[in-house]
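The structure under discussion appears below in the form of structure tokens.
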Amino acid sequence: MGWDVTQVGPNFTTYAFINYYIRRTYDGIYESVKIFEGKNENGQKPFYVALKKLEDNSVFACVILTRRKNGQVFTKVIGESAGPCYYEAPASFIGLLSPTDNEIATQWRADVLATETLKTLNTANKVLVGMFGEENN
């Protein structure tokens, strides 16, 4: 599970490269349904990709980690059944996926949904604190 490296031009965005990478790598087998760009952390940016298997129209997820350096894009693909440790895809992304019996993929999807719920609750809490101030004991 290493990294692939591709030389790209300076005007080629990482998002555009991911589209190209998916077409080049999976052409005729899978097609991209949706790509969600994550946040850049520690020099890596995850892209959450919903891929449709053309043979049976089932849709599954993968996380494509990216790094850019010296005109190169480094990519690492992690399928949902490998349990990627990246959880910032929105609930609408999970809604695109076909049902699965894979326990690891099911857990990853649940973790993504839990992460979004937690972010929503944190945002709501900040709004309430901003409106009413912190409670004094």
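Labels used: A, B, ... for chains in the order of the structure tokens, numbers from 1 for residues in each chain, and numbers from 1 for ligands as shown.
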Contacts of stretch 75-89 of chain A at 9 Å (only C-alpha atoms; same-chain gap of 6+ positions) as a PyMOL selection string: chain A and resi 1-6+18+36-39+46-48+60-67+102-109+111-116
Go ahead and save the residues from that selection, with C-alpha atoms, as a PDB file, in the first residue's frame.
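Once written, part.pdb looks like this:
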```
ATOM      1  CA  MET A   1       0.000   0.000   0.000  1.00  0.00           C
ATOM      2  CA  GLY A   2       2.546   2.535  -1.170  1.00  0.00           C
ATOM      3  CA  TRP A   3       2.268   5.834  -2.965  1.00  0.00           C
ATOM      4  CA  ASP A   4       1.994   6.384  -6.737  1.00  0.00           C
ATOM      5  CA  VAL A   5       3.821   9.443  -8.059  1.00  0.00           C
ATOM      6  CA  THR A   6       2.940  11.457 -11.179  1.00  0.00           C
ATOM      7  CA  ILE A  18      -7.883  13.086  -9.108  1.00  0.00           C
ATOM      8  CA  PHE A  36     -15.518  15.352  -2.108  1.00  0.00           C
ATOM      9  CA  GLU A  37     -12.323  17.250  -1.290  1.00  0.00           C
ATOM     10  CA  GLY A  38     -11.180  17.051   2.330  1.00  0.00           C
ATOM     11  CA  LYS A  39      -8.996  19.406   4.345  1.00  0.00           C
ATOM     12  CA  PRO A  46      -7.888  13.316   1.300  1.00  0.00           C
ATOM     13  CA  PHE A  47     -10.377  13.046  -1.522  1.00  0.00           C
ATOM     14  CA  TYR A  48     -13.474  10.992  -0.819  1.00  0.00           C
ATOM     15  CA  PHE A  60     -18.561   2.061  -3.001  1.00  0.00           C
ATOM     16  CA  ALA A  61     -16.189   4.572  -1.456  1.00  0.00           C
ATOM     17  CA  CYS A  62     -12.488   5.050  -1.399  1.00  0.00           C
ATOM     18  CA  VAL A  63     -10.264   7.702   0.068  1.00  0.00           C
ATOM     19  CA  ILE A  64      -7.472   8.929  -2.164  1.00  0.00           C
ATOM     20  CA  LEU A  65      -4.761  10.602  -0.123  1.00  0.00           C
ATOM     21  CA  THR A  66      -2.696  13.165  -1.982  1.00  0.00           C
ATOM     22  CA  ARG A  67       0.500  15.109  -1.427  1.00  0.00           C
ATOM     23  CA  ASN A 102     -18.422  -5.704   4.744  1.00  0.00           C
ATOM     24  CA  GLU A 103     -18.073  -5.029   8.491  1.00  0.00           C
ATOM     25  CA  ILE A 104     -15.084  -2.719   8.116  1.00  0.00           C
ATOM     26  CA  ALA A 105     -16.785  -0.623   5.424  1.00  0.00           C
ATOM     27  CA  THR A 106     -19.964  -0.488   7.516  1.00  0.00           C
ATOM     28  CA  GLN A 107     -17.982   0.728  10.527  1.00  0.00           C
ATOM     29  CA  TRP A 108     -16.154   3.336   8.430  1.00  0.00           C
ATOM     30  CA  ARG A 109     -19.467   4.672   7.117  1.00  0.00           C
ATOM     31  CA  ASP A 111     -17.715   6.699  11.808  1.00  0.00           C
ATOM     32  CA  VAL A 112     -18.113   9.220   8.979  1.00  0.00           C
ATOM     33  CA  LEU A 113     -21.731   9.839   9.978  1.00  0.00           C
ATOM     34  CA  ALA A 114     -20.792  10.130  13.667  1.00  0.00           C
ATOM     35  CA  THR A 115     -18.066  12.633  12.822  1.00  0.00           C
ATOM     36  CA  GLU A 116     -20.514  14.800  10.892  1.00  0.00           C
TER      37      GLU A 116
END
```
DSSP strand (DSSP E) residues within stretch 3-92 of chain A, as a PyMOL selection string: chain A and resi 4-7+30-37+45-53+59-69+72-79
Suppose we keep N, CA and C atoms; can you now write the selection as a short mmCIF file (atom, residue, chain, number, x, y, z; two decimals), in the first residue's frame?
```
data_model
loop_
_atom_site.label_atom_id
_atom_site.label_comp_id
_atom_site.auth_asym_id
_atom_site.auth_seq_id
_atom_site.Cartn_x
_atom_site.Cartn_y
_atom_site.Cartn_z
N ASP A 4 1.70 6.19 -5.32
CA ASP A 4 1.99 6.38 -6.74
C ASP A 4 2.42 7.84 -6.90
N VAL A 5 3.33 8.09 -7.83
CA VAL A 5 3.82 9.44 -8.06
C VAL A 5 3.66 9.78 -9.53
N THR A 6 3.13 10.99 -9.81
CA THR A 6 2.94 11.46 -11.18
C THR A 6 3.40 12.90 -11.28
N GLN A 7 4.17 13.19 -12.31
CA GLN A 7 4.61 14.56 -12.59
C GLN A 7 3.45 15.31 -13.23
N TYR A 30 -14.82 1.19 -13.50
CA TYR A 30 -15.53 2.06 -12.56
C TYR A 30 -15.66 3.45 -13.16
N GLU A 31 -16.65 4.18 -12.68
CA GLU A 31 -16.72 5.61 -13.01
C GLU A 31 -16.99 6.38 -11.73
N SER A 32 -16.50 7.58 -11.70
CA SER A 32 -16.67 8.44 -10.54
C SER A 32 -18.10 8.95 -10.47
N VAL A 33 -18.73 8.81 -9.31
CA VAL A 33 -20.07 9.33 -9.08
C VAL A 33 -19.97 10.70 -8.42
N LYS A 34 -19.08 10.81 -7.43
CA LYS A 34 -18.92 12.05 -6.68
C LYS A 34 -17.53 12.07 -6.06
N ILE A 35 -16.93 13.26 -6.05
CA ILE A 35 -15.65 13.46 -5.39
C ILE A 35 -15.82 14.60 -4.40
N PHE A 36 -15.46 14.34 -3.14
CA PHE A 36 -15.52 15.35 -2.11
C PHE A 36 -14.09 15.62 -1.63
N GLU A 37 -13.68 16.87 -1.67
CA GLU A 37 -12.32 17.25 -1.29
C GLU A 37 -12.26 17.54 0.20
N LYS A 45 -3.88 15.71 1.66
CA LYS A 45 -5.29 16.08 1.46
C LYS A 45 -6.04 14.84 0.99
N PRO A 46 -7.08 14.45 1.75
CA PRO A 46 -7.89 13.32 1.30
C PRO A 46 -8.98 13.74 0.32
N PHE A 47 -9.24 12.89 -0.62
CA PHE A 47 -10.38 13.05 -1.52
C PHE A 47 -11.26 11.82 -1.32
N TYR A 48 -12.52 12.06 -1.02
CA TYR A 48 -13.47 10.99 -0.82
C TYR A 48 -14.16 10.76 -2.16
N VAL A 49 -14.05 9.53 -2.67
CA VAL A 49 -14.54 9.24 -4.02
C VAL A 49 -15.57 8.12 -3.96
N ALA A 50 -16.75 8.39 -4.51
CA ALA A 50 -17.77 7.36 -4.69
C ALA A 50 -17.59 6.82 -6.11
N LEU A 51 -17.30 5.52 -6.20
CA LEU A 51 -17.06 4.88 -7.49
C LEU A 51 -18.19 3.90 -7.80
N LYS A 52 -18.70 3.98 -9.02
CA LYS A 52 -19.73 3.04 -9.47
C LYS A 52 -19.08 1.95 -10.30
N LYS A 53 -19.30 0.71 -9.89
CA LYS A 53 -18.80 -0.44 -10.65
C LYS A 53 -19.73 -0.63 -11.85
N VAL A 59 -22.16 1.04 -5.89
CA VAL A 59 -21.33 2.21 -5.60
C VAL A 59 -20.63 1.99 -4.25
N PHE A 60 -19.33 2.18 -4.23
CA PHE A 60 -18.56 2.06 -3.00
C PHE A 60 -17.65 3.28 -2.87
N ALA A 61 -17.03 3.40 -1.72
CA ALA A 61 -16.19 4.57 -1.46
C ALA A 61 -14.73 4.18 -1.36
N CYS A 62 -13.91 5.15 -1.70
CA CYS A 62 -12.49 5.05 -1.40
C CYS A 62 -12.00 6.44 -1.02
N VAL A 63 -10.93 6.46 -0.28
CA VAL A 63 -10.26 7.70 0.07
C VAL A 63 -8.96 7.71 -0.71
N ILE A 64 -8.75 8.78 -1.45
CA ILE A 64 -7.47 8.93 -2.16
C ILE A 64 -6.70 10.03 -1.45
N LEU A 65 -5.63 9.63 -0.78
CA LEU A 65 -4.76 10.60 -0.12
C LEU A 65 -3.85 11.21 -1.16
N THR A 66 -3.59 12.49 -1.03
CA THR A 66 -2.70 13.16 -1.98
C THR A 66 -1.68 14.01 -1.23
N ARG A 67 -0.54 14.16 -1.85
CA ARG A 67 0.50 15.11 -1.43
C ARG A 67 1.06 15.72 -2.70
N ARG A 68 1.47 16.97 -2.61
CA ARG A 68 2.11 17.64 -3.75
C ARG A 68 3.48 18.11 -3.32
N LYS A 69 4.45 17.90 -4.23
CA LYS A 69 5.81 18.34 -3.94
C LYS A 69 6.60 18.38 -5.25
N GLN A 72 5.03 17.28 -8.45
CA GLN A 72 4.55 15.90 -8.47
C GLN A 72 3.33 15.77 -7.56
N VAL A 73 2.44 14.85 -7.93
CA VAL A 73 1.31 14.50 -7.07
C VAL A 73 1.53 13.05 -6.64
N PHE A 74 1.52 12.86 -5.33
CA PHE A 74 1.63 11.53 -4.74
C PHE A 74 0.21 11.10 -4.37
N THR A 75 -0.17 9.87 -4.70
CA THR A 75 -1.51 9.38 -4.40
C THR A 75 -1.44 8.01 -3.73
N LYS A 76 -2.36 7.81 -2.79
CA LYS A 76 -2.52 6.51 -2.14
C LYS A 76 -4.01 6.25 -2.04
N VAL A 77 -4.48 5.15 -2.60
CA VAL A 77 -5.90 4.80 -2.60
C VAL A 77 -6.18 3.82 -1.47
N ILE A 78 -7.19 4.18 -0.65
CA ILE A 78 -7.59 3.32 0.46
C ILE A 78 -9.09 3.05 0.30
N GLY A 79 -9.44 1.81 0.01
CA GLY A 79 -10.85 1.45 -0.13
C GLY A 79 -11.55 1.46 1.22
#
```
Two-atom distance - atom CA of A:Thr25, atom CA of A:Pro90 (Å):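 Atom CA of A:Pro90 lies at a distance of 25.0 Å from atom CA of A:Thr25.
Atom CA of A:Glu55 sits 9.2 Å away from atom CA of A:Gly28.
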Residue set, stretch 27-103 of chain A restricted to alpha helix (DSSP H), as an MDAnalysis selection string: chainID A and resid 91:95 103
Go ahead and save the picked residues with C-alpha atoms, as a short mmCIF file (atom, residue, chain, number, x, y, z; two decimals), in the first residue's frame.
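So again-v1.cif came out as:
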```
data_model
loop_
_atom_site.label_atom_id
_atom_site.label_comp_id
_atom_site.auth_asym_id
_atom_site.auth_seq_id
_atom_site.Cartn_x
_atom_site.Cartn_y
_atom_site.Cartn_z
CA ALA A 91 -23.59 12.34 5.12
CA SER A 92 -24.84 12.99 1.58
CA PHE A 93 -21.71 11.22 0.31
CA ILE A 94 -22.47 8.13 2.40
CA GLY A 95 -26.02 8.25 1.03
CA GLU A 103 -18.07 -5.03 8.49
#
```
Which polymer residues have any atom within 9 Å of an atom of A:Phe17, counting only C-alpha atoms, with same-chain residues fewer than 4 positions away left out, as a PDB file with C-alpha atoms, in the first residue's frame?
```pdb
ATOM      1  CA  VAL A   8       2.054  17.329 -13.266  1.00  0.00           C
ATOM      2  CA  PHE A  12      -3.100  21.302 -12.858  1.00  0.00           C
ATOM      3  CA  THR A  13      -5.115  21.333  -9.617  1.00  0.00           C
ATOM      4  CA  TYR A  21      -6.306   9.594 -12.118  1.00  0.00           C
ATOM      5  CA  ILE A  22      -9.698   7.891 -11.736  1.00  0.00           C
ATOM      6  CA  VAL A  73       1.312  14.501  -7.070  1.00  0.00           C
TER       7      VAL A  73
END
```
